[in-house]
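Peer 1: You'll find coords_6.cif just under this line, and it carries mmCIF, C-alpha atoms.
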data_work
loop_
_atom_site.group_PDB
_atom_site.id
_atom_site.type_symbol
_atom_site.label_atom_id
_atom_site.label_comp_id
_atom_site.auth_asym_id
_atom_site.auth_seq_id
_atom_site.Cartn_x
_atom_site.Cartn_y
_atom_site.Cartn_z
ATOM 1 C CA MET A 18 28.421 -26.253 3.861
ATOM 2 C CA ARG A 19 25.763 -26.130 1.167
ATOM 3 C CA VAL A 20 22.597 -24.105 1.763
ATOM 4 C CA LEU A 21 19.302 -24.089 -0.114
ATOM 5 C CA GLY A 22 17.554 -20.737 0.304
ATOM 6 C CA VAL A 23 13.846 -20.500 -0.509
ATOM 7 C CA ASP A 24 11.555 -17.519 -1.057
ATOM 8 C CA PRO A 25 8.201 -19.352 -1.009
ATOM 9 C CA GLY A 26 5.102 -18.584 -3.004
ATOM 10 C CA THR A 27 2.214 -20.385 -4.666
ATOM 11 C CA ALA A 28 2.632 -18.614 -8.009
ATOM 12 C CA VAL A 29 6.444 -18.436 -8.040
ATOM 13 C CA THR A 30 8.941 -19.828 -5.543
ATOM 14 C CA GLY A 31 12.498 -18.545 -5.787
ATOM 15 C CA TYR A 32 15.477 -20.628 -4.717
ATOM 16 C CA GLY A 33 19.243 -20.425 -4.522
ATOM 17 C CA VAL A 34 21.917 -22.960 -3.624
ATOM 18 C CA ILE A 35 25.204 -21.655 -2.237
ATOM 19 C CA GLU A 36 28.353 -23.599 -1.371
ATOM 20 C CA ALA A 37 30.377 -21.968 1.427
ATOM 21 C CA GLY A 38 33.444 -22.925 3.411
ATOM 22 C CA ASN A 39 35.923 -25.647 2.429
ATOM 23 C CA GLY A 40 38.221 -23.094 0.807
ATOM 24 C CA THR A 41 35.421 -21.346 -1.101
ATOM 25 C CA PRO A 42 36.421 -17.674 -1.463
ATOM 26 C CA GLY A 43 34.318 -14.848 -0.034
ATOM 27 C CA MET A 44 30.705 -15.508 0.863
ATOM 28 C CA GLY A 45 30.661 -18.684 -1.173
ATOM 29 C CA ARG A 46 29.874 -19.895 -4.641
ATOM 30 C CA LEU A 47 26.472 -19.825 -6.311
ATOM 31 C CA VAL A 48 25.727 -23.385 -7.392
ATOM 32 C CA GLU A 49 22.268 -22.830 -8.878
ATOM 33 C CA CYS A 50 19.337 -20.487 -8.628
ATOM 34 C CA GLY A 51 15.982 -20.217 -10.300
ATOM 35 C CA VAL A 52 12.258 -20.383 -9.772
ATOM 36 C CA ILE A 53 9.590 -23.012 -9.485
ATOM 37 C CA THR A 54 6.470 -21.757 -11.249
ATOM 38 C CA PHE A 55 2.912 -23.002 -11.227
ATOM 39 C CA GLY A 56 0.105 -22.621 -13.723
ATOM 40 C CA ARG A 57 -2.580 -20.125 -12.720
ATOM 41 C CA ARG A 58 -5.387 -22.585 -13.385
ATOM 42 C CA ILE A 59 -3.905 -25.311 -11.178
ATOM 43 C CA SER A 60 -5.652 -25.857 -7.837
ATOM 44 C CA LEU A 61 -3.907 -24.914 -4.614
ATOM 45 C CA PRO A 62 -3.505 -28.558 -3.520
ATOM 46 C CA GLN A 63 -1.858 -29.381 -6.871
ATOM 47 C CA ARG A 64 0.465 -26.348 -6.590
ATOM 48 C CA LEU A 65 1.486 -27.424 -3.102
ATOM 49 C CA HIS A 66 2.166 -30.942 -4.363
ATOM 50 C CA GLU A 67 4.332 -29.579 -7.201
ATOM 51 C CA LEU A 68 6.164 -27.281 -4.774
ATOM 52 C CA HIS A 69 6.896 -30.188 -2.433
ATOM 53 C CA ASP A 70 8.175 -32.303 -5.327
ATOM 54 C CA GLY A 71 10.270 -29.406 -6.630
ATOM 55 C CA ILE A 72 11.929 -28.771 -3.269
ATOM 56 C CA LEU A 73 12.612 -32.483 -2.768
ATOM 57 C CA GLU A 74 14.171 -32.633 -6.237
ATOM 58 C CA LEU A 75 16.469 -29.709 -5.397
ATOM 59 C CA ILE A 76 17.458 -31.379 -2.127
ATOM 60 C CA GLU A 77 18.192 -34.682 -3.883
ATOM 61 C CA ARG A 78 20.216 -32.974 -6.621
ATOM 62 C CA HIS A 79 22.295 -30.641 -4.423
ATOM 63 C CA HIS A 80 22.457 -32.390 -1.034
ATOM 64 C CA PRO A 81 22.332 -29.220 1.090
ATOM 65 C CA THR A 82 23.107 -29.402 4.788
ATOM 66 C CA ALA A 83 20.599 -26.650 5.571
ATOM 67 C CA LEU A 84 17.463 -25.035 4.224
ATOM 68 C CA ALA A 85 16.843 -21.349 4.891
ATOM 69 C CA LEU A 86 13.338 -20.023 4.400
ATOM 70 C CA GLU A 87 11.745 -16.598 4.348
ATOM 71 C CA ASN A 88 9.116 -16.188 7.062
ATOM 72 C CA ALA A 89 5.588 -15.237 6.178
ATOM 73 C CA PHE A 90 4.975 -11.525 6.187
ATOM 74 C CA TYR A 91 1.593 -10.157 7.151
ATOM 75 C CA HIS A 92 -0.156 -8.962 4.035
ATOM 76 C CA LYS A 93 -3.229 -6.753 3.966
ATOM 77 C CA ASN A 94 -5.034 -9.598 2.234
ATOM 78 C CA VAL A 95 -5.515 -12.345 4.833
ATOM 79 C CA ARG A 96 -6.018 -14.971 2.114
ATOM 80 C CA THR A 97 -2.601 -14.157 0.621
ATOM 81 C CA THR A 98 -0.954 -14.578 4.035
ATOM 82 C CA LEU A 99 -2.774 -17.871 4.621
ATOM 83 C CA VAL A 100 -1.866 -19.294 1.210
ATOM 84 C CA LEU A 101 1.783 -18.276 1.709
ATOM 85 C CA GLY A 102 1.669 -20.164 5.012
ATOM 86 C CA HIS A 103 0.612 -23.300 3.132
ATOM 87 C CA ALA A 104 3.592 -22.946 0.780
ATOM 88 C CA ARG A 105 5.974 -22.439 3.709
ATOM 89 C CA GLY A 106 4.579 -25.553 5.391
ATOM 90 C CA VAL A 107 5.222 -27.685 2.320
ATOM 91 C CA VAL A 108 8.821 -26.433 2.075
ATOM 92 C CA LEU A 109 9.377 -27.067 5.798
ATOM 93 C CA LEU A 110 7.947 -30.576 5.424
ATOM 94 C CA ALA A 111 10.336 -31.394 2.560
ATOM 95 C CA ALA A 112 13.334 -30.129 4.568
ATOM 96 C CA GLN A 113 12.278 -32.075 7.655
ATOM 97 C CA GLN A 114 11.736 -35.251 5.623
ATOM 98 C CA ARG A 115 15.394 -35.023 4.530
ATOM 99 C CA SER A 116 16.627 -34.117 8.038
ATOM 100 C CA LEU A 117 18.080 -30.746 7.020
ATOM 101 C CA ALA A 118 18.918 -27.998 9.467
ATOM 102 C CA ILE A 119 16.179 -25.377 9.068
ATOM 103 C CA ALA A 120 16.386 -21.631 9.614
ATOM 104 C CA GLU A 121 13.652 -19.052 9.086
ATOM 105 C CA TYR A 122 14.194 -15.322 8.607
ATOM 106 C CA SER A 123 11.857 -12.373 8.262
ATOM 107 C CA PRO A 124 12.057 -10.346 5.036
ATOM 108 C CA ALA A 125 13.486 -7.401 7.017
ATOM 109 C CA THR A 126 16.197 -9.594 8.554
ATOM 110 C CA ILE A 127 17.208 -10.890 5.130
ATOM 111 C CA LYS A 128 17.397 -7.375 3.693
ATOM 112 C CA LYS A 129 19.296 -6.035 6.708
ATOM 113 C CA THR A 130 21.774 -8.935 6.579
ATOM 114 C CA VAL A 131 22.447 -8.753 2.848
ATOM 115 C CA VAL A 132 22.072 -5.014 2.170
ATOM 116 C CA GLY A 133 22.374 -3.375 5.579
ATOM 117 C CA ALA A 134 18.864 -1.894 5.532
ATOM 118 C CA GLY A 135 15.672 -3.753 6.463
ATOM 119 C CA GLY A 136 13.590 -1.768 3.995
ATOM 120 C CA ALA A 137 15.813 -2.255 0.950
ATOM 121 C CA PRO A 138 14.021 -2.646 -2.407
ATOM 122 C CA LYS A 139 14.258 -5.876 -4.411
ATOM 123 C CA GLY A 140 16.671 -4.368 -6.929
ATOM 124 C CA GLN A 141 19.112 -3.387 -4.223
ATOM 125 C CA VAL A 142 18.946 -6.879 -2.694
ATOM 126 C CA ALA A 143 19.662 -8.439 -6.096
ATOM 127 C CA ALA A 144 22.600 -6.081 -6.723
ATOM 128 C CA MET A 145 24.122 -6.865 -3.335
ATOM 129 C CA VAL A 146 23.676 -10.613 -3.879
ATOM 130 C CA ALA A 147 25.680 -10.241 -7.107
ATOM 131 C CA ARG A 148 28.364 -8.223 -5.336
ATOM 132 C CA LEU A 149 28.719 -10.595 -2.371
ATOM 133 C CA LEU A 150 28.972 -13.651 -4.617
ATOM 134 C CA ARG A 151 31.147 -11.877 -7.215
ATOM 135 C CA LEU A 152 28.662 -12.459 -10.025
ATOM 136 C CA ARG A 153 28.739 -10.431 -13.235
ATOM 137 C CA GLN A 154 25.038 -9.697 -12.920
ATOM 138 C CA ALA A 155 22.285 -10.226 -10.387
ATOM 139 C CA PRO A 156 20.372 -13.507 -10.533
ATOM 140 C CA LYS A 157 17.154 -13.283 -12.541
ATOM 141 C CA PRO A 158 14.245 -13.243 -12.092
ATOM 142 C CA ALA A 159 13.976 -11.252 -8.852
ATOM 143 C CA ASP A 160 12.433 -14.226 -7.017
ATOM 144 C CA ALA A 161 15.585 -16.256 -7.721
ATOM 145 C CA ALA A 162 17.739 -13.430 -6.328
ATOM 146 C CA ASP A 163 15.524 -13.427 -3.229
ATOM 147 C CA GLY A 164 16.098 -17.171 -2.765
ATOM 148 C CA VAL A 165 19.850 -16.606 -3.014
ATOM 149 C CA ALA A 166 19.570 -13.762 -0.466
ATOM 150 C CA VAL A 167 17.866 -16.143 1.975
ATOM 151 C CA ALA A 168 20.729 -18.651 1.593
ATOM 152 C CA LEU A 169 23.289 -15.854 2.050
ATOM 153 C CA THR A 170 21.526 -14.784 5.229
ATOM 154 C CA TYR A 171 21.999 -18.270 6.650
ATOM 155 C CA ILE A 172 25.696 -18.272 5.726
ATOM 156 C CA ILE A 173 26.374 -14.790 7.108
ATOM 157 C CA ARG A 174 24.507 -15.461 10.349
ATOM 158 C CA SER A 175 26.030 -18.910 10.939
#
What would you get if you wrote out this structure as structure tokens?
Peer 2:
Amino acid sequence: MRVLGVDPGTAVTGYGVIEAGNGTPGMGRLVECGVITFGRRISLPQRLHELHDGILELIERHHPTALALENAFYHKNVRTTLVLGHARGVVLLAAQQRSLAIAEYSPATIKKTVVGAGGAPKGQVAAMVARLLRLRQAPKPADAADGVAVALTYIIRS
């Protein structure tokens, strides 16, 4: 099984691809992780278009069987929550267009699954991602580690 995990955003979207099963030791093998970034002066519709294209490109390159996505959290700033919802919708659309299995997890569920505590800080999540995947160091930047944590959540909960 190959899983694409996504931590969506309209400034930075983190992602991680993990191969699990088929004789892969432990929690699996990290295939790739990174971030999709967008220029600050680019309009929201253009960012969403670039995000959609970026997710489709990852799907075409890695052929995952599933896409795991972090749910929207409720931010004090309603506009931030709304814009994050747009980004999530674009990622969901790309996954549906390629007929992937889709799973969505709250930030607390991801942290509890990977670290054991729903309120774990980002650094602790990144360190545990490295430990579970037997990496020498945590994926960087933190958004990439978060994308990997989302993929790990899918694998652990499957």
Peer 1: Got a sec to resolve the PyMOL selection byres ((chain A and resi 138) around 12) on this structure and send the residues as a list in words?
Peer 2: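 For this structure, the PyMOL selection byres ((chain A and resi 138) around 12) captures Pro124, Ala125, Ile127, Lys128, Lys129, Val131, Val132, Gly133, Ala134, Gly135, Gly136, Ala137, Lys139, Gly140, Gln141, Val142, Ala143, Ala144, Met145, Ala159 and Asp163 of chain A.
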Peer 1: Which residues are near A:Val108? Cut-off 8 Å, all atoms listed in the file, ignore same chain within fewer than 6 positions. Put them as a PyMOL selection string.
Peer 2: chain A and resi 25+68-69+72
Peer 1: A:Gly56: which residues within 10 Å, counting only C-alpha atoms, same-chain residues fewer than 5 positions away excluded, as a PDB file with C-alpha atoms, keeping the file's coordinate frame?
Peer 2:
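The resulting file, result33.pdb, is reproduced below:
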ATOM      1  CA  THR A  27       2.214 -20.385  -4.666  1.00  0.00           C
ATOM      2  CA  ALA A  28       2.632 -18.614  -8.009  1.00  0.00           C
ATOM      3  CA  VAL A  29       6.444 -18.436  -8.040  1.00  0.00           C
ATOM      4  CA  GLN A  63      -1.858 -29.381  -6.871  1.00  0.00           C
ATOM      5  CA  ARG A  64       0.465 -26.348  -6.590  1.00  0.00           C
TER       6      ARG A  64
END
Peer 1: Let me make sure I understand: among A:Ala166, A:Ile59, A:Ala155, A:Val100, which one has the smallest atom-to-atom distance to A:Glu87 if we use only C-alpha atoms?
Peer 2: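 Nearest candidate to A:Glu87 out of A:Ala166, A:Ile59, A:Ala155, A:Val100: A:Ala166.
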Peer 1: With distances taken over all atoms listed in the file, which of A:Pro158, A:Thr98, A:Leu150, A:Tyr171 is nearest to A:Gly45?
Peer 2: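 Checking each of A:Pro158, A:Thr98, A:Leu150, A:Tyr171 against A:Gly45, counting all atoms listed in the file, the winner is A:Leu150.
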Peer 1: I need the residue set behind the PyMOL selection byres ((chain A and resi 52) around 12) for this file; please write it as JSON, numbers by chain.
Peer 2: {"A": [22, 23, 24, 25, 26, 27, 28, 29, 30, 31, 32, 33, 34, 49, 50, 51, 53, 54, 55, 68, 71, 72, 75, 156, 157, 158, 159, 160, 161, 162, 163, 164, 165]}
Peer 1: Can you turn the PyMOL selection byres ((chain A and resi 118) around 12) into a concrete residue list for this file, as a PDB file with C-alpha atoms, keeping the file's coordinate frame?
Peer 2:
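The result, written out as selection23.pdb:
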ATOM      1  CA  MET A  18      28.421 -26.253   3.861  1.00  0.00           C
ATOM      2  CA  ARG A  19      25.763 -26.130   1.167  1.00  0.00           C
ATOM      3  CA  VAL A  20      22.597 -24.105   1.763  1.00  0.00           C
ATOM      4  CA  LEU A  21      19.302 -24.089  -0.114  1.00  0.00           C
ATOM      5  CA  GLY A  22      17.554 -20.737   0.304  1.00  0.00           C
ATOM      6  CA  HIS A  80      22.457 -32.390  -1.034  1.00  0.00           C
ATOM      7  CA  PRO A  81      22.332 -29.220   1.090  1.00  0.00           C
ATOM      8  CA  THR A  82      23.107 -29.402   4.788  1.00  0.00           C
ATOM      9  CA  ALA A  83      20.599 -26.650   5.571  1.00  0.00           C
ATOM     10  CA  LEU A  84      17.463 -25.035   4.224  1.00  0.00           C
ATOM     11  CA  ALA A  85      16.843 -21.349   4.891  1.00  0.00           C
ATOM     12  CA  LEU A  86      13.338 -20.023   4.400  1.00  0.00           C
ATOM     13  CA  LEU A 109       9.377 -27.067   5.798  1.00  0.00           C
ATOM     14  CA  LEU A 110       7.947 -30.576   5.424  1.00  0.00           C
ATOM     15  CA  ALA A 111      10.336 -31.394   2.560  1.00  0.00           C
ATOM     16  CA  ALA A 112      13.334 -30.129   4.568  1.00  0.00           C
ATOM     17  CA  GLN A 113      12.278 -32.075   7.655  1.00  0.00           C
ATOM     18  CA  GLN A 114      11.736 -35.251   5.623  1.00  0.00           C
ATOM     19  CA  ARG A 115      15.394 -35.023   4.530  1.00  0.00           C
ATOM     20  CA  SER A 116      16.627 -34.117   8.038  1.00  0.00           C
ATOM     21  CA  LEU A 117      18.080 -30.746   7.020  1.00  0.00           C
ATOM     22  CA  ILE A 119      16.179 -25.377   9.068  1.00  0.00           C
ATOM     23  CA  ALA A 120      16.386 -21.631   9.614  1.00  0.00           C
ATOM     24  CA  GLU A 121      13.652 -19.052   9.086  1.00  0.00           C
ATOM     25  CA  TYR A 171      21.999 -18.270   6.650  1.00  0.00           C
ATOM     26  CA  SER A 175      26.030 -18.910  10.939  1.00  0.00           C
TER      27      SER A 175
END
Peer 1: If I take atom CA of A:Glu77 and atom CA of A:Leu149, how far is one from the other in Å, to one decimal?
Peer 2: 26.3 Å
Peer 1: Any idea what the distance is between atom CA of A:Ala89 and atom CA of A:Leu101?
Peer 2: 6.6 Å
Peer 1: Could you state the separation of atom CA of A:Ile35 and atom CA of A:Glu67 in Å, given to one decimal place?
Peer 2: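 That distance, rounded to one decimal, is 22.9 Å.
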Peer 1: Would you please work out which residue, of A:Leu152, A:Leu169, A:Ile76, A:Ala104, is nearest to A:Pro62 when using all atoms listed in the file?
Peer 2: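 Under the stated criterion, the closest residue is A:Ala104.
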Peer 1: Restricting the calculation to all atoms listed in the file: of A:Arg58, A:Arg105, A:Ala168, A:Thr126, which residue gets closest to A:Val146?
Peer 2: A:Ala168
